[in-house]
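Next comes structure13.txt, with compact mmCIF, N, CA, C and O atoms.
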```txt
# COMPACT_ATOMS: atom_id res chain seq x y z
N MET E 147 63.11 79.68 57.22
CA MET E 147 62.03 80.24 56.45
C MET E 147 62.10 79.69 55.03
O MET E 147 63.18 79.46 54.50
N ILE E 148 60.99 79.49 54.40
CA ILE E 148 60.93 78.93 53.06
C ILE E 148 60.59 80.04 52.07
O ILE E 148 59.68 80.83 52.31
N TYR E 149 61.36 80.10 50.99
CA TYR E 149 61.13 81.09 49.95
C TYR E 149 60.86 80.38 48.63
O TYR E 149 61.43 79.33 48.35
N ARG E 150 60.01 80.95 47.82
CA ARG E 150 59.77 80.42 46.49
C ARG E 150 60.96 80.77 45.60
O ARG E 150 61.68 81.73 45.85
N SER E 151 61.15 80.00 44.54
CA SER E 151 62.30 80.24 43.67
C SER E 151 62.18 81.54 42.88
O SER E 151 63.17 82.06 42.40
N ASP E 152 60.97 82.10 42.75
CA ASP E 152 60.81 83.35 42.03
C ASP E 152 60.67 84.55 42.97
O ASP E 152 60.36 85.65 42.54
N ASP E 153 60.95 84.35 44.25
CA ASP E 153 60.88 85.43 45.24
C ASP E 153 62.06 86.38 45.03
O ASP E 153 63.21 85.95 44.96
N PRO E 154 61.83 87.70 44.92
CA PRO E 154 62.93 88.64 44.69
C PRO E 154 63.88 88.77 45.89
O PRO E 154 65.00 89.24 45.74
N ARG E 155 63.47 88.34 47.07
CA ARG E 155 64.33 88.42 48.26
C ARG E 155 65.31 87.25 48.35
O ARG E 155 66.24 87.29 49.13
N LEU E 156 65.13 86.22 47.55
CA LEU E 156 65.93 85.01 47.65
C LEU E 156 67.43 85.24 47.47
O LEU E 156 68.22 84.73 48.27
N PRO E 157 67.90 85.99 46.47
CA PRO E 157 69.35 86.20 46.35
C PRO E 157 69.96 86.88 47.58
O PRO E 157 71.06 86.53 48.01
N ASN E 158 69.25 87.82 48.16
CA ASN E 158 69.75 88.52 49.34
C ASN E 158 69.84 87.55 50.52
O ASN E 158 70.81 87.57 51.28
N VAL E 159 68.84 86.70 50.69
CA VAL E 159 68.85 85.74 51.78
C VAL E 159 69.98 84.74 51.60
O VAL E 159 70.68 84.39 52.55
N LEU E 160 70.19 84.27 50.39
CA LEU E 160 71.28 83.32 50.14
C LEU E 160 72.64 83.94 50.40
O LEU E 160 73.53 83.30 50.95
N ASP E 161 72.82 85.20 50.01
CA ASP E 161 74.09 85.87 50.28
C ASP E 161 74.34 86.00 51.77
O ASP E 161 75.45 85.77 52.24
N LYS E 162 73.33 86.36 52.52
CA LYS E 162 73.49 86.49 53.97
C LYS E 162 73.79 85.14 54.61
O LYS E 162 74.57 85.05 55.54
N GLU E 163 73.15 84.09 54.12
CA GLU E 163 73.40 82.75 54.65
C GLU E 163 74.84 82.31 54.38
O GLU E 163 75.50 81.75 55.25
N LEU E 164 75.33 82.57 53.19
CA LEU E 164 76.69 82.16 52.83
C LEU E 164 77.76 82.96 53.55
O LEU E 164 78.83 82.43 53.88
N THR E 165 77.52 84.23 53.82
CA THR E 165 78.52 85.07 54.49
C THR E 165 78.41 85.00 56.01
O THR E 165 79.24 85.56 56.71
N GLY E 166 77.39 84.34 56.53
CA GLY E 166 77.25 84.22 57.97
C GLY E 166 76.57 85.39 58.62
O GLY E 166 76.56 85.49 59.84
N GLU E 167 76.01 86.29 57.85
CA GLU E 167 75.32 87.44 58.42
C GLU E 167 73.88 87.13 58.77
O GLU E 167 73.22 87.91 59.43
N TYR E 168 73.40 85.98 58.32
CA TYR E 168 72.01 85.62 58.60
C TYR E 168 71.89 85.24 60.06
O TYR E 168 72.72 84.54 60.62
N GLU E 169 70.85 85.68 60.72
CA GLU E 169 70.67 85.46 62.14
C GLU E 169 70.43 83.99 62.44
O GLU E 169 69.57 83.36 61.85
N ASP E 170 71.22 83.42 63.36
CA ASP E 170 71.06 82.02 63.72
C ASP E 170 69.87 81.85 64.65
O ASP E 170 69.58 82.70 65.48
N TYR E 171 69.18 80.74 64.50
CA TYR E 171 68.06 80.46 65.40
C TYR E 171 68.55 79.91 66.73
O TYR E 171 67.91 80.05 67.74
N TYR E 172 69.72 79.25 66.72
CA TYR E 172 70.26 78.69 67.94
C TYR E 172 71.49 79.47 68.35
O TYR E 172 72.43 79.59 67.60
N ASN E 173 71.45 79.97 69.54
CA ASN E 173 72.59 80.68 70.10
C ASN E 173 73.38 79.69 70.94
O ASN E 173 72.82 78.76 71.52
N GLU E 174 74.67 79.84 71.03
CA GLU E 174 75.50 78.91 71.80
C GLU E 174 75.05 78.86 73.26
O GLU E 174 75.12 77.82 73.90
N ARG E 175 74.56 79.97 73.80
CA ARG E 175 74.11 79.98 75.19
C ARG E 175 72.80 79.24 75.36
O ARG E 175 72.48 78.80 76.45
N ASP E 176 72.00 79.09 74.30
CA ASP E 176 70.71 78.43 74.40
C ASP E 176 70.83 76.92 74.36
O ASP E 176 69.89 76.22 74.71
N ILE E 177 71.95 76.39 73.92
CA ILE E 177 72.13 74.94 73.83
C ILE E 177 72.49 74.42 75.21
O ILE E 177 73.49 74.81 75.79
N LYS E 178 71.65 73.53 75.73
CA LYS E 178 71.90 72.96 77.04
C LYS E 178 72.59 71.62 76.88
O LYS E 178 72.29 70.85 75.99
N TYR E 179 73.53 71.33 77.76
CA TYR E 179 74.21 70.05 77.76
C TYR E 179 74.47 69.62 79.19
O TYR E 179 74.51 70.43 80.11
N CYS E 180 74.61 68.33 79.37
CA CYS E 180 74.87 67.77 80.69
C CYS E 180 76.34 67.99 81.06
O CYS E 180 77.22 67.60 80.29
N PRO E 181 76.63 68.58 82.22
CA PRO E 181 78.03 68.79 82.61
C PRO E 181 78.73 67.50 83.01
O PRO E 181 79.95 67.46 83.08
N VAL E 182 77.99 66.42 83.25
CA VAL E 182 78.60 65.16 83.67
C VAL E 182 78.97 64.31 82.46
O VAL E 182 80.12 63.88 82.32
N CYS E 183 78.00 64.05 81.57
CA CYS E 183 78.29 63.16 80.44
C CYS E 183 78.41 63.90 79.11
O CYS E 183 78.85 63.33 78.12
N GLY E 184 77.99 65.16 79.04
CA GLY E 184 78.12 65.94 77.82
C GLY E 184 77.00 65.76 76.82
O GLY E 184 77.12 66.21 75.69
N ALA E 185 75.90 65.12 77.20
CA ALA E 185 74.78 64.92 76.29
C ALA E 185 74.13 66.27 75.97
O ALA E 185 73.90 67.08 76.86
N TYR E 186 73.84 66.50 74.68
CA TYR E 186 73.22 67.75 74.28
C TYR E 186 71.70 67.65 74.38
O TYR E 186 71.11 66.65 74.01
N GLU E 187 71.09 68.72 74.87
CA GLU E 187 69.64 68.86 74.98
C GLU E 187 68.96 67.69 75.69
O GLU E 187 68.02 67.10 75.17
N PRO E 188 69.41 67.33 76.92
CA PRO E 188 68.69 66.28 77.65
C PRO E 188 67.32 66.78 78.09
O PRO E 188 67.11 67.99 78.25
N ASP E 189 66.40 65.86 78.30
CA ASP E 189 65.04 66.24 78.69
C ASP E 189 65.00 66.83 80.09
O ASP E 189 64.28 67.78 80.35
N TYR E 190 65.75 66.25 81.03
CA TYR E 190 65.78 66.78 82.38
C TYR E 190 67.09 66.41 83.07
O TYR E 190 67.81 65.52 82.64
N PHE E 191 67.38 67.14 84.14
CA PHE E 191 68.59 66.97 84.92
C PHE E 191 68.24 66.54 86.34
O PHE E 191 67.12 66.76 86.80
N TYR E 192 69.21 65.94 87.03
CA TYR E 192 69.05 65.59 88.44
C TYR E 192 69.97 66.49 89.25
O TYR E 192 71.12 66.70 88.90
N MET E 193 69.42 67.03 90.36
CA MET E 193 70.18 67.92 91.22
C MET E 193 70.22 67.32 92.63
O MET E 193 69.27 66.67 93.05
N ASN E 194 71.31 67.57 93.36
CA ASN E 194 71.37 67.12 94.75
C ASN E 194 70.84 68.22 95.66
O ASN E 194 70.35 69.26 95.18
N ASP E 195 70.93 68.02 96.97
CA ASP E 195 70.39 69.00 97.92
C ASP E 195 71.15 70.32 97.91
O ASP E 195 70.63 71.34 98.36
N ASP E 196 72.38 70.32 97.42
CA ASP E 196 73.18 71.54 97.35
C ASP E 196 72.98 72.29 96.05
O ASP E 196 73.75 73.20 95.73
N GLU E 197 71.96 71.91 95.27
CA GLU E 197 71.64 72.54 93.99
C GLU E 197 72.77 72.37 92.97
O GLU E 197 73.02 73.24 92.15
N GLU E 198 73.49 71.24 93.03
CA GLU E 198 74.53 70.92 92.06
C GLU E 198 74.01 69.82 91.15
O GLU E 198 73.35 68.89 91.60
N CYS E 199 74.31 69.92 89.88
CA CYS E 199 73.86 68.92 88.92
C CYS E 199 74.68 67.65 89.09
O CYS E 199 75.91 67.69 89.11
N VAL E 200 73.98 66.51 89.23
CA VAL E 200 74.67 65.23 89.36
C VAL E 200 74.53 64.40 88.10
O VAL E 200 75.06 63.29 88.02
N GLY E 201 73.83 64.91 87.09
CA GLY E 201 73.70 64.21 85.82
C GLY E 201 72.35 64.46 85.17
O GLY E 201 71.53 65.22 85.67
N CYS E 202 72.15 63.80 84.05
CA CYS E 202 70.88 63.93 83.33
C CYS E 202 70.22 62.56 83.24
O CYS E 202 70.74 61.57 83.76
N TYR E 203 69.12 62.48 82.58
CA TYR E 203 68.41 61.21 82.50
C TYR E 203 69.17 60.17 81.68
O TYR E 203 68.89 58.98 81.79
N GLU E 204 70.16 60.59 80.91
CA GLU E 204 70.94 59.64 80.12
C GLU E 204 72.09 59.02 80.90
O GLU E 204 72.50 57.91 80.60
N CYS E 205 72.62 59.73 81.89
CA CYS E 205 73.79 59.19 82.59
C CYS E 205 73.50 58.78 84.03
O CYS E 205 74.35 58.18 84.67
N VAL E 206 72.32 59.08 84.57
CA VAL E 206 71.96 58.69 85.93
C VAL E 206 70.93 57.57 85.83
O VAL E 206 69.92 57.71 85.15
N HIS E 207 71.23 56.45 86.49
CA HIS E 207 70.35 55.28 86.42
C HIS E 207 70.00 54.81 87.82
O HIS E 207 70.76 55.00 88.77
N VAL E 208 68.88 54.13 87.94
CA VAL E 208 68.44 53.57 89.21
C VAL E 208 69.14 52.23 89.44
O VAL E 208 69.17 51.38 88.55
N VAL E 209 69.72 52.07 90.63
CA VAL E 209 70.29 50.78 91.04
C VAL E 209 69.71 50.43 92.41
O VAL E 209 69.40 51.30 93.19
N TYR E 210 69.55 49.17 92.66
CA TYR E 210 68.94 48.74 93.91
C TYR E 210 69.95 48.29 94.96
O TYR E 210 69.63 48.18 96.12
N GLU E 211 71.20 48.03 94.55
CA GLU E 211 72.25 47.67 95.49
C GLU E 211 73.53 48.42 95.11
O GLU E 211 73.87 48.49 93.95
N LEU E 212 74.18 48.95 96.14
CA LEU E 212 75.46 49.61 95.89
C LEU E 212 76.55 48.56 95.83
O LEU E 212 76.44 47.47 96.37
N PHE E 213 77.65 48.90 95.22
CA PHE E 213 78.75 47.95 95.05
C PHE E 213 79.40 47.61 96.37
O PHE E 213 79.53 48.30 97.24
```
As structure tokens:
Amino acid sequence: MIYRSDDPRLPNVLDKELTGEYEDYYNERDIKYCPVCGAYEPDYFYMNDDEECVGCYECVHVVYELF
């Protein structure tokens, strides 16, 4: 949130921010990450038929021949 420099609430907001009492917008549970490569906030994940995550768009790539 943006406050003007002459806003009377500004000192209270700054104190809460410095002491950690200010409410965070991001909760640790809300941050999604890939369990395979660890990428934070990927756009989408790939799942197999057993509903297990096999990766995200950053770590899963298309190949035309197996090794």
From the set E:Asp152, E:Cys202, E:Leu160, E:Val209, which residue has the shortest atom-to-atom contact distance to Asp189 (chain E), counting only N, CA, C and O atoms? E:Cys202
Within 7 Å of Pro188 (chain E) using only N, CA, C and O atoms, minus same-chain residues under 4 positions, as a ChimeraX atom specification: /E:178-180,202-204
Padding 3 Å on each side, edges along x, y and z: where is the centre of the box around the listed atoms of region 194-206 of chain E, and how long are its edges in Å to one decimal? Output it as JSON.
```
{"center_x": 72.2, "center_y": 65.4, "center_z": 89.2, "size_x": 13.5, "size_y": 21.7, "size_z": 24.2}
```
Between atom N of Tyr186 (chain E) and atom O of Leu212 (chain E) lies a distance of 29.0 Å
Straight-line distance linking CA of His207 (chain E) with CA of Val182 (chain E), stated in Å to one decimal: 13.2 Å
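Residues in contact with Cys199 (chain E) at 7 Å, where all atoms listed in the file are counted and same-chain residues fewer than 5 positions away are skipped, are listed as Pro181, Val182, Phe191, Tyr192, Met193 and Asn194 of chain E.
Separating CA of Gly184 (chain E) from atom O of Val206 (chain E) is a distance of 13.7 Å.
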